[in-house]
Amino acid sequence: MEKSPLSDLSFFRFPELTPEVVRNIVILVILLSLTILLTVLAQLWIQQWARSRRRRRSFDRISSERHMEPPVRAVLSRLLRFSGLKDEFELVRDAHAFEAAVERLVTEGSEEELVDLATLRRTLHLNVMNPELDLVSSRQLLRDLRVRLVATIGAEKLDLYCGLFGVSEEYLLINLPYQKEIYRMLSEHPRVLLLYWREQEGEALFRVTLEPIDEKDFQAVRARHAFRDTQSEHRAAFRLSVDLPVAYQYLDRSQLGRRRSGGNTARKLRQGEGRLVDISYGGASLVVEEPLGERGFLQLRFQLHKHPMRMMLEALSCTPMAEGRFLLRGQFRGPGEEARIRLNNTLTREQIKRLREKELLRYTPGG
C-alpha cells in the first residue's frame with residue numbers, strides 16, 4: 001500500500017528563524033513593496049501620458065489651419081516667441097508663461113492683434129473656468145462673474161460684491177452698487193483689492209486701480225489687468241455684528257452619500273435653535289446648544305430687517321463657550337439670488353452707515 005502524501009506534513013513547517021531566514025523575509029517584503037510602488041507610479045505616469053496625449057491631439061485639431069484663422073494662429077506664434085517655450089502646446093498649458101506673453105503682446109500689439117488674442121483665448125478656453133489652468137491673471141476672468149472689491153478707508157474697509165459686465169484684454173469693466181457715496185469714495189481711494197473665489201484654490205487676490213468711466217451718472221469703473229498677488233494675505237471679510245434668533249436643520253457630511261428621500265433608510269435631520277452673532281458676504285457665526293461636526297451643512301432660517309431668509313451654511317469650526325454652548329463658524333454655500341441680493345444690500349448699507357458715522361465720508365447731497 002502506497003504511503004499517503006499527507007502522512008508527512010513536515011513540508012509545511014516554517015523554517016527556523018535563523019538570521020539568514022529573517023534577512024530573506026525582510027528582503028522579500030522590501031521587494032514586494034518596491035514592486036507595488038513602481039506599479040502604482042507606472043500606472044500614474046501612463047494615465048498622465050494618455051491624458052496629455054489626448055489634450056495634445058485636441059489642441060492640434062483646434063489649432064489646425066482648417067479650424068483656426070491665420071491671424072489667430074499668427075498671434076499664437078508670436079506669443080510662443082515671447083515665451084521662449086519649445087512649442088505652442090506647452091505654452092497654452094502653462095498659464096504663467098502664457099499670461100506673461102499676453103502682457104507683452106498687449107503692450108506692443110495692434111488693435112487687430114488684441115481682437116485675435118481674445119478669439120484665441122475663447123477658442124482654447126484659456127480662462128478661469130478651465131480646471132486645468134492656474135488662475136494667475138485677471139485677464140482669465142469672465143463677464144458676468146461676481147468679484148469682491150475691498151478698499152481701505154482710513155482705519156475702516158469698504159467691502160463690496162460687484163459684477164463684471166465686461167472683460168477685454170486691456171480692461172476689466174466693473175458694475176458698482178448704485179450709490180453715489182460708494183462711487184465717490186472709490187474715486188477718492190481707487191487702489192483696491194479685487195478678489196475672486198475659485199473652489200479648487202480658494203480666494204485669488206489682485207491689486208488693481210479703479211478708473212472712472214467718464215460718463216455722467218454712469219456708476220461703473222474700469223481697471224487695468226493685474227497678475228495675482230501671492231505674497232499678501234487678505235484679512236477676513238466685513239462682518240456685521242447681529243443678535244438674531246435662528247433655527248437650523250443640520251445634516252452631517254457623512255450622511256450625504258447614504259441618505260435617501262423617504263423610506264426606512266432616511267435619517268432624521270438634527271434640528272435646533274440658536275443666536276446669529278455675526279454675518280458677512282461669505283458666511284456667518286452662530287451660538288448653538290450642542291456640538292455640530294465640521295464640514296456638515298446647516299439650513300438656516302432667520303429674519304433680516306423683517307425679511308425671511310433661508311441660507312445653506314457649511315460648518316467650518318465649532319468651539320466650546322461658557323455655559324456649555326458652542327460657537328459655530330461657517331461659510332455660505334449656493335445662496336439663492338434673492339437672498340444673496342438682500343444680504344449684499346444690507347451689508348453695504350451698514351458699511352456706509354459706519355463710515356458716515358466716523359466722518360470718513362465726504363458727501364454733499366446732489367453733488
# chains A, B, ... in the order shown; residues from 1 in each chain; ligands from 1
$ closest_atom_pairs --of "range 166-204 of chain A" --to "range 109-118 of chain A" --cutoff "10 Å" --atoms "only C-alpha atoms" --output "JSON lines"
{"residue": "A:Val167", "atom": "CA", "partner": "A:Ala118", "partner_atom": "CA", "distance": 9.8}
{"residue": "A:Ser168", "atom": "CA", "partner": "A:Ala118", "partner_atom": "CA", "distance": 7.4}
{"residue": "A:Glu169", "atom": "CA", "partner": "A:Ala118", "partner_atom": "CA", "distance": 6.7}
{"residue": "A:Glu170", "atom": "CA", "partner": "A:Leu114", "partner_atom": "CA", "distance": 8.6}
$ write_last_selection --atoms "N, CA, C and O atoms" --output "compact mmCIF listing (two decimals), in the first residue's frame"
# COMPACT_ATOMS: atom_id res chain seq x y z
N VAL A 167 -15.00 92.08 -19.93
CA VAL A 167 -13.59 91.74 -19.74
C VAL A 167 -12.94 91.73 -21.11
O VAL A 167 -13.29 90.89 -21.97
N SER A 168 -12.03 92.66 -21.35
CA SER A 168 -11.25 92.68 -22.59
C SER A 168 -9.81 92.33 -22.24
O SER A 168 -9.48 92.10 -21.08
N GLU A 169 -8.95 92.29 -23.23
CA GLU A 169 -7.54 92.01 -22.96
C GLU A 169 -6.83 93.20 -22.33
O GLU A 169 -5.71 93.06 -21.84
N GLU A 170 -7.50 94.36 -22.28
CA GLU A 170 -6.90 95.54 -21.68
C GLU A 170 -7.52 95.92 -20.35
O GLU A 170 -6.83 96.40 -19.44
$ atom_distance --atom1 "CA of Arg191 in chain A" --atom2 "CA of Ala151 in chain A"
7.0 Å
$ select_by_dssp --residues "range 182-229 of chain A" --states "strand (DSSP E)" --output "mmCIF file with C-alpha atoms, in the first residue's frame"
data_model
loop_
_atom_site.group_PDB
_atom_site.id
_atom_site.type_symbol
_atom_site.label_atom_id
_atom_site.label_comp_id
_atom_site.auth_asym_id
_atom_site.auth_seq_id
_atom_site.Cartn_x
_atom_site.Cartn_y
_atom_site.Cartn_z
ATOM 1 C CA ARG A 191 -6.357 101.417 -5.230
ATOM 2 C CA VAL A 192 -8.342 98.363 -4.162
ATOM 3 C CA LEU A 193 -8.107 94.622 -3.764
ATOM 4 C CA LEU A 194 -10.119 92.592 -6.256
ATOM 5 C CA LEU A 195 -10.887 89.083 -5.016
ATOM 6 C CA TYR A 196 -12.369 86.101 -6.792
ATOM 7 C CA TRP A 197 -13.227 82.771 -5.149
ATOM 8 C CA ARG A 198 -12.324 79.600 -7.017
ATOM 9 C CA GLY A 202 -9.729 79.439 -2.670
ATOM 10 C CA GLU A 203 -9.538 83.219 -2.940
ATOM 11 C CA ALA A 204 -7.384 84.857 -5.627
ATOM 12 C CA LEU A 205 -6.247 88.426 -4.870
ATOM 13 C CA PHE A 206 -5.418 91.111 -7.434
ATOM 14 C CA ARG A 207 -4.289 94.666 -6.646
ATOM 15 C CA VAL A 208 -5.911 96.993 -9.179
ATOM 16 C CA THR A 209 -6.515 100.703 -9.611
ATOM 17 C CA LEU A 210 -10.034 101.785 -10.486
ATOM 18 C CA GLU A 211 -10.604 104.353 -13.214
ATOM 19 C CA PRO A 212 -13.982 106.130 -13.518
ATOM 20 C CA ALA A 220 -19.248 101.899 -13.313
ATOM 21 C CA VAL A 221 -15.464 101.752 -13.350
ATOM 22 C CA ARG A 222 -12.735 100.017 -15.257
ATOM 23 C CA ALA A 223 -9.396 98.622 -14.113
ATOM 24 C CA ARG A 224 -6.293 97.605 -15.968
#
$ atom_distance --atom1 "CA of Arg342 in chain A" --atom2 "CA of Gly293 in chain A"
28.7 Å
$ residues_around --residues "Glu290 in chain A" --least-positions-apart "5" --cutoff "9 Å" --atoms "only C-alpha atoms" --output "PyMOL selection string"
chain A and resi 272+324-326
$ residues_around --residues "range 88-98 of chain A" --least-positions-apart "2" --cutoff "9 Å" --atoms "only C-alpha atoms" --output "PyMOL selection string"
chain A and resi 55-56+59-60+76-77+79-80+82-86+100-103+124+126+132-137
$ write_last_selection --atoms "C-alpha atoms" --output "mmCIF file, in the first residue's frame"
data_model
loop_
_atom_site.group_PDB
_atom_site.id
_atom_site.type_symbol
_atom_site.label_atom_id
_atom_site.label_comp_id
_atom_site.auth_asym_id
_atom_site.auth_seq_id
_atom_site.Cartn_x
_atom_site.Cartn_y
_atom_site.Cartn_z
ATOM 1 C CA ARG A 55 -5.085 67.048 -24.868
ATOM 2 C CA ARG A 56 -2.329 67.465 -27.465
ATOM 3 C CA PHE A 59 -5.102 71.104 -29.366
ATOM 4 C CA ASP A 60 -3.652 70.074 -32.725
ATOM 5 C CA LEU A 76 -0.308 82.257 -31.077
ATOM 6 C CA SER A 77 3.066 82.005 -32.834
ATOM 7 C CA LEU A 79 3.115 84.583 -28.058
ATOM 8 C CA LEU A 80 5.304 81.479 -28.377
ATOM 9 C CA PHE A 82 7.704 85.915 -26.405
ATOM 10 C CA SER A 83 7.539 82.956 -24.010
ATOM 11 C CA GLY A 84 10.677 81.128 -25.106
ATOM 12 C CA LEU A 85 8.958 77.738 -24.792
ATOM 13 C CA LYS A 86 9.535 74.945 -27.300
ATOM 14 C CA ALA A 100 3.301 86.890 -19.251
ATOM 15 C CA ALA A 101 3.489 86.678 -23.065
ATOM 16 C CA VAL A 102 -0.001 88.216 -23.318
ATOM 17 C CA GLU A 103 1.121 91.143 -21.137
ATOM 18 C CA LEU A 124 -8.749 77.379 -26.394
ATOM 19 C CA LEU A 126 -7.890 79.859 -21.543
ATOM 20 C CA GLU A 132 -6.521 72.563 -15.900
ATOM 21 C CA LEU A 133 -5.182 76.130 -15.660
ATOM 22 C CA ASP A 134 -3.958 78.077 -12.650
ATOM 23 C CA LEU A 135 -5.588 81.462 -12.085
ATOM 24 C CA VAL A 136 -2.655 83.869 -12.437
ATOM 25 C CA SER A 137 -4.089 86.962 -14.167
#
$ select_by_dssp --residues "range 67-235 of chain A" --states "helix (DSSP H, G or I)" --output "MDAnalysis selection string"
chainID A and resid 70:83 88:93 95:108 111:124 138:140 180:188
$ residues_around --residues "Leu298 in chain A" --least-positions-apart "2" --cutoff "8 Å" --atoms "only C-alpha atoms" --output "JSON, numbers by chain"
{"A": [248, 249, 250, 251, 296, 300, 312, 313, 314, 315]}
$ write_last_selection --atoms "C-alpha atoms" --output "mmCIF file, in the first residue's frame"
data_model
loop_
_atom_site.group_PDB
_atom_site.id
_atom_site.type_symbol
_atom_site.label_atom_id
_atom_site.label_comp_id
_atom_site.auth_asym_id
_atom_site.auth_seq_id
_atom_site.Cartn_x
_atom_site.Cartn_y
_atom_site.Cartn_z
ATOM 1 C CA TYR A 248 -31.473 75.324 11.788
ATOM 2 C CA GLN A 249 -31.552 71.830 10.387
ATOM 3 C CA TYR A 250 -28.220 70.013 10.397
ATOM 4 C CA LEU A 251 -27.005 67.246 8.092
ATOM 5 C CA GLY A 296 -21.598 69.359 7.865
ATOM 6 C CA LEU A 300 -30.554 78.415 8.476
ATOM 7 C CA MET A 312 -27.224 76.994 3.471
ATOM 8 C CA LEU A 313 -24.134 77.107 5.696
ATOM 9 C CA GLU A 314 -21.180 74.701 5.683
ATOM 10 C CA ALA A 315 -19.745 74.343 9.202
#
$ atom_distance --atom1 "CA of Gly274 in chain A" --atom2 "CA of Asp243 in chain A"
10.0 Å
$ residues_around --residues "range 239-242 of chain A" --least-positions-apart "3" --cutoff "9 Å" --atoms "only C-alpha atoms" --output "list in words"
Ala236, Arg275, Leu276, Val277, Asp278, Ile279, Ser280, Tyr281, Gly283, Ala284, Leu347, Glu350 and Gln351 of chain A
$ write_last_selection --atoms "all heavy atoms" --output "short mmCIF file (atom, residue, chain, number, x, y, z; two decimals), in the first residue's frame"
data_model
loop_
_atom_site.label_atom_id
_atom_site.label_comp_id
_atom_site.auth_asym_id
_atom_site.auth_seq_id
_atom_site.Cartn_x
_atom_site.Cartn_y
_atom_site.Cartn_z
N ALA A 236 -10.09 88.77 6.98
CA ALA A 236 -11.49 88.34 6.84
C ALA A 236 -12.37 89.44 6.29
O ALA A 236 -12.08 90.62 6.39
CB ALA A 236 -12.01 87.87 8.20
N ARG A 275 -28.52 81.57 18.29
CA ARG A 275 -28.46 83.01 18.08
C ARG A 275 -27.40 83.30 17.04
O ARG A 275 -26.26 82.83 17.11
CB ARG A 275 -28.10 83.75 19.37
CG ARG A 275 -29.01 83.49 20.54
CD ARG A 275 -30.39 84.02 20.35
NE ARG A 275 -30.46 85.47 20.21
CZ ARG A 275 -31.60 86.14 20.15
NH1 ARG A 275 -32.77 85.49 20.23
NH2 ARG A 275 -31.61 87.44 20.02
N LEU A 276 -27.78 84.06 16.01
CA LEU A 276 -26.84 84.52 14.99
C LEU A 276 -26.08 85.71 15.55
O LEU A 276 -26.70 86.69 15.98
CB LEU A 276 -27.62 84.92 13.74
CG LEU A 276 -26.91 84.91 12.39
CD1 LEU A 276 -26.44 83.51 12.05
CD2 LEU A 276 -27.84 85.43 11.31
N VAL A 277 -24.74 85.64 15.60
CA VAL A 277 -23.95 86.70 16.25
C VAL A 277 -23.20 87.58 15.24
O VAL A 277 -22.85 88.71 15.56
CB VAL A 277 -22.97 86.12 17.28
CG1 VAL A 277 -23.73 85.48 18.43
CG2 VAL A 277 -22.01 85.12 16.65
N ASP A 278 -22.91 87.08 14.07
CA ASP A 278 -22.37 87.94 13.02
C ASP A 278 -22.63 87.31 11.66
O ASP A 278 -22.89 86.11 11.54
CB ASP A 278 -20.88 88.27 13.21
CG ASP A 278 -19.97 87.06 13.04
OD1 ASP A 278 -20.11 86.34 12.06
OD2 ASP A 278 -19.10 86.86 13.90
N ILE A 279 -22.58 88.16 10.63
CA ILE A 279 -22.89 87.71 9.28
C ILE A 279 -22.06 88.53 8.30
O ILE A 279 -21.76 89.70 8.55
CB ILE A 279 -24.41 87.85 8.99
CG1 ILE A 279 -24.78 87.11 7.71
CG2 ILE A 279 -24.83 89.31 8.95
CD1 ILE A 279 -26.29 86.95 7.55
N SER A 280 -21.63 87.90 7.22
CA SER A 280 -20.83 88.57 6.20
C SER A 280 -21.30 88.09 4.83
O SER A 280 -22.21 87.28 4.72
CB SER A 280 -19.34 88.26 6.39
OG SER A 280 -19.07 86.91 6.04
N TYR A 281 -20.64 88.61 3.77
CA TYR A 281 -20.99 88.16 2.43
C TYR A 281 -20.78 86.66 2.28
O TYR A 281 -21.54 85.98 1.60
CB TYR A 281 -20.12 88.88 1.39
CG TYR A 281 -20.37 90.34 1.25
CD1 TYR A 281 -19.44 91.27 1.70
CD2 TYR A 281 -21.54 90.81 0.67
CE1 TYR A 281 -19.66 92.63 1.57
CE2 TYR A 281 -21.78 92.17 0.53
CZ TYR A 281 -20.83 93.07 0.99
OH TYR A 281 -21.06 94.42 0.86
N GLY A 283 -20.23 84.23 4.91
CA GLY A 283 -20.60 83.27 5.93
C GLY A 283 -21.20 83.92 7.15
O GLY A 283 -21.59 85.08 7.14
N ALA A 284 -21.27 83.15 8.25
CA ALA A 284 -21.91 83.64 9.47
C ALA A 284 -21.38 82.85 10.65
O ALA A 284 -20.77 81.80 10.51
CB ALA A 284 -23.43 83.50 9.37
N LEU A 347 -25.56 94.53 4.00
CA LEU A 347 -24.18 94.74 4.43
C LEU A 347 -23.62 96.03 3.85
O LEU A 347 -22.87 96.76 4.53
CB LEU A 347 -23.33 93.55 4.01
CG LEU A 347 -23.65 92.22 4.71
CD1 LEU A 347 -22.83 91.09 4.13
CD2 LEU A 347 -23.40 92.34 6.21
N GLU A 350 -24.94 98.95 5.90
CA GLU A 350 -24.32 99.04 7.21
C GLU A 350 -22.89 99.57 7.13
O GLU A 350 -22.44 100.31 8.00
CB GLU A 350 -24.34 97.66 7.89
CG GLU A 350 -25.73 97.18 8.26
CD GLU A 350 -26.40 98.09 9.28
OE1 GLU A 350 -25.68 98.69 10.11
OE2 GLU A 350 -27.63 98.21 9.24
N GLN A 351 -22.16 99.19 6.08
CA GLN A 351 -20.82 99.72 5.91
C GLN A 351 -20.85 101.23 5.67
O GLN A 351 -20.06 101.98 6.25
CB GLN A 351 -20.12 99.03 4.73
CG GLN A 351 -19.77 97.59 4.99
CD GLN A 351 -19.03 96.98 3.82
OE1 GLN A 351 -17.84 97.22 3.66
NE2 GLN A 351 -19.73 96.21 3.00
#
$ closest_residue --among "A:Ile46, A:Ala247, A:Leu269, A:Leu327" --to "Ser285 in chain A" --atoms "only C-alpha atoms"
A:Leu327
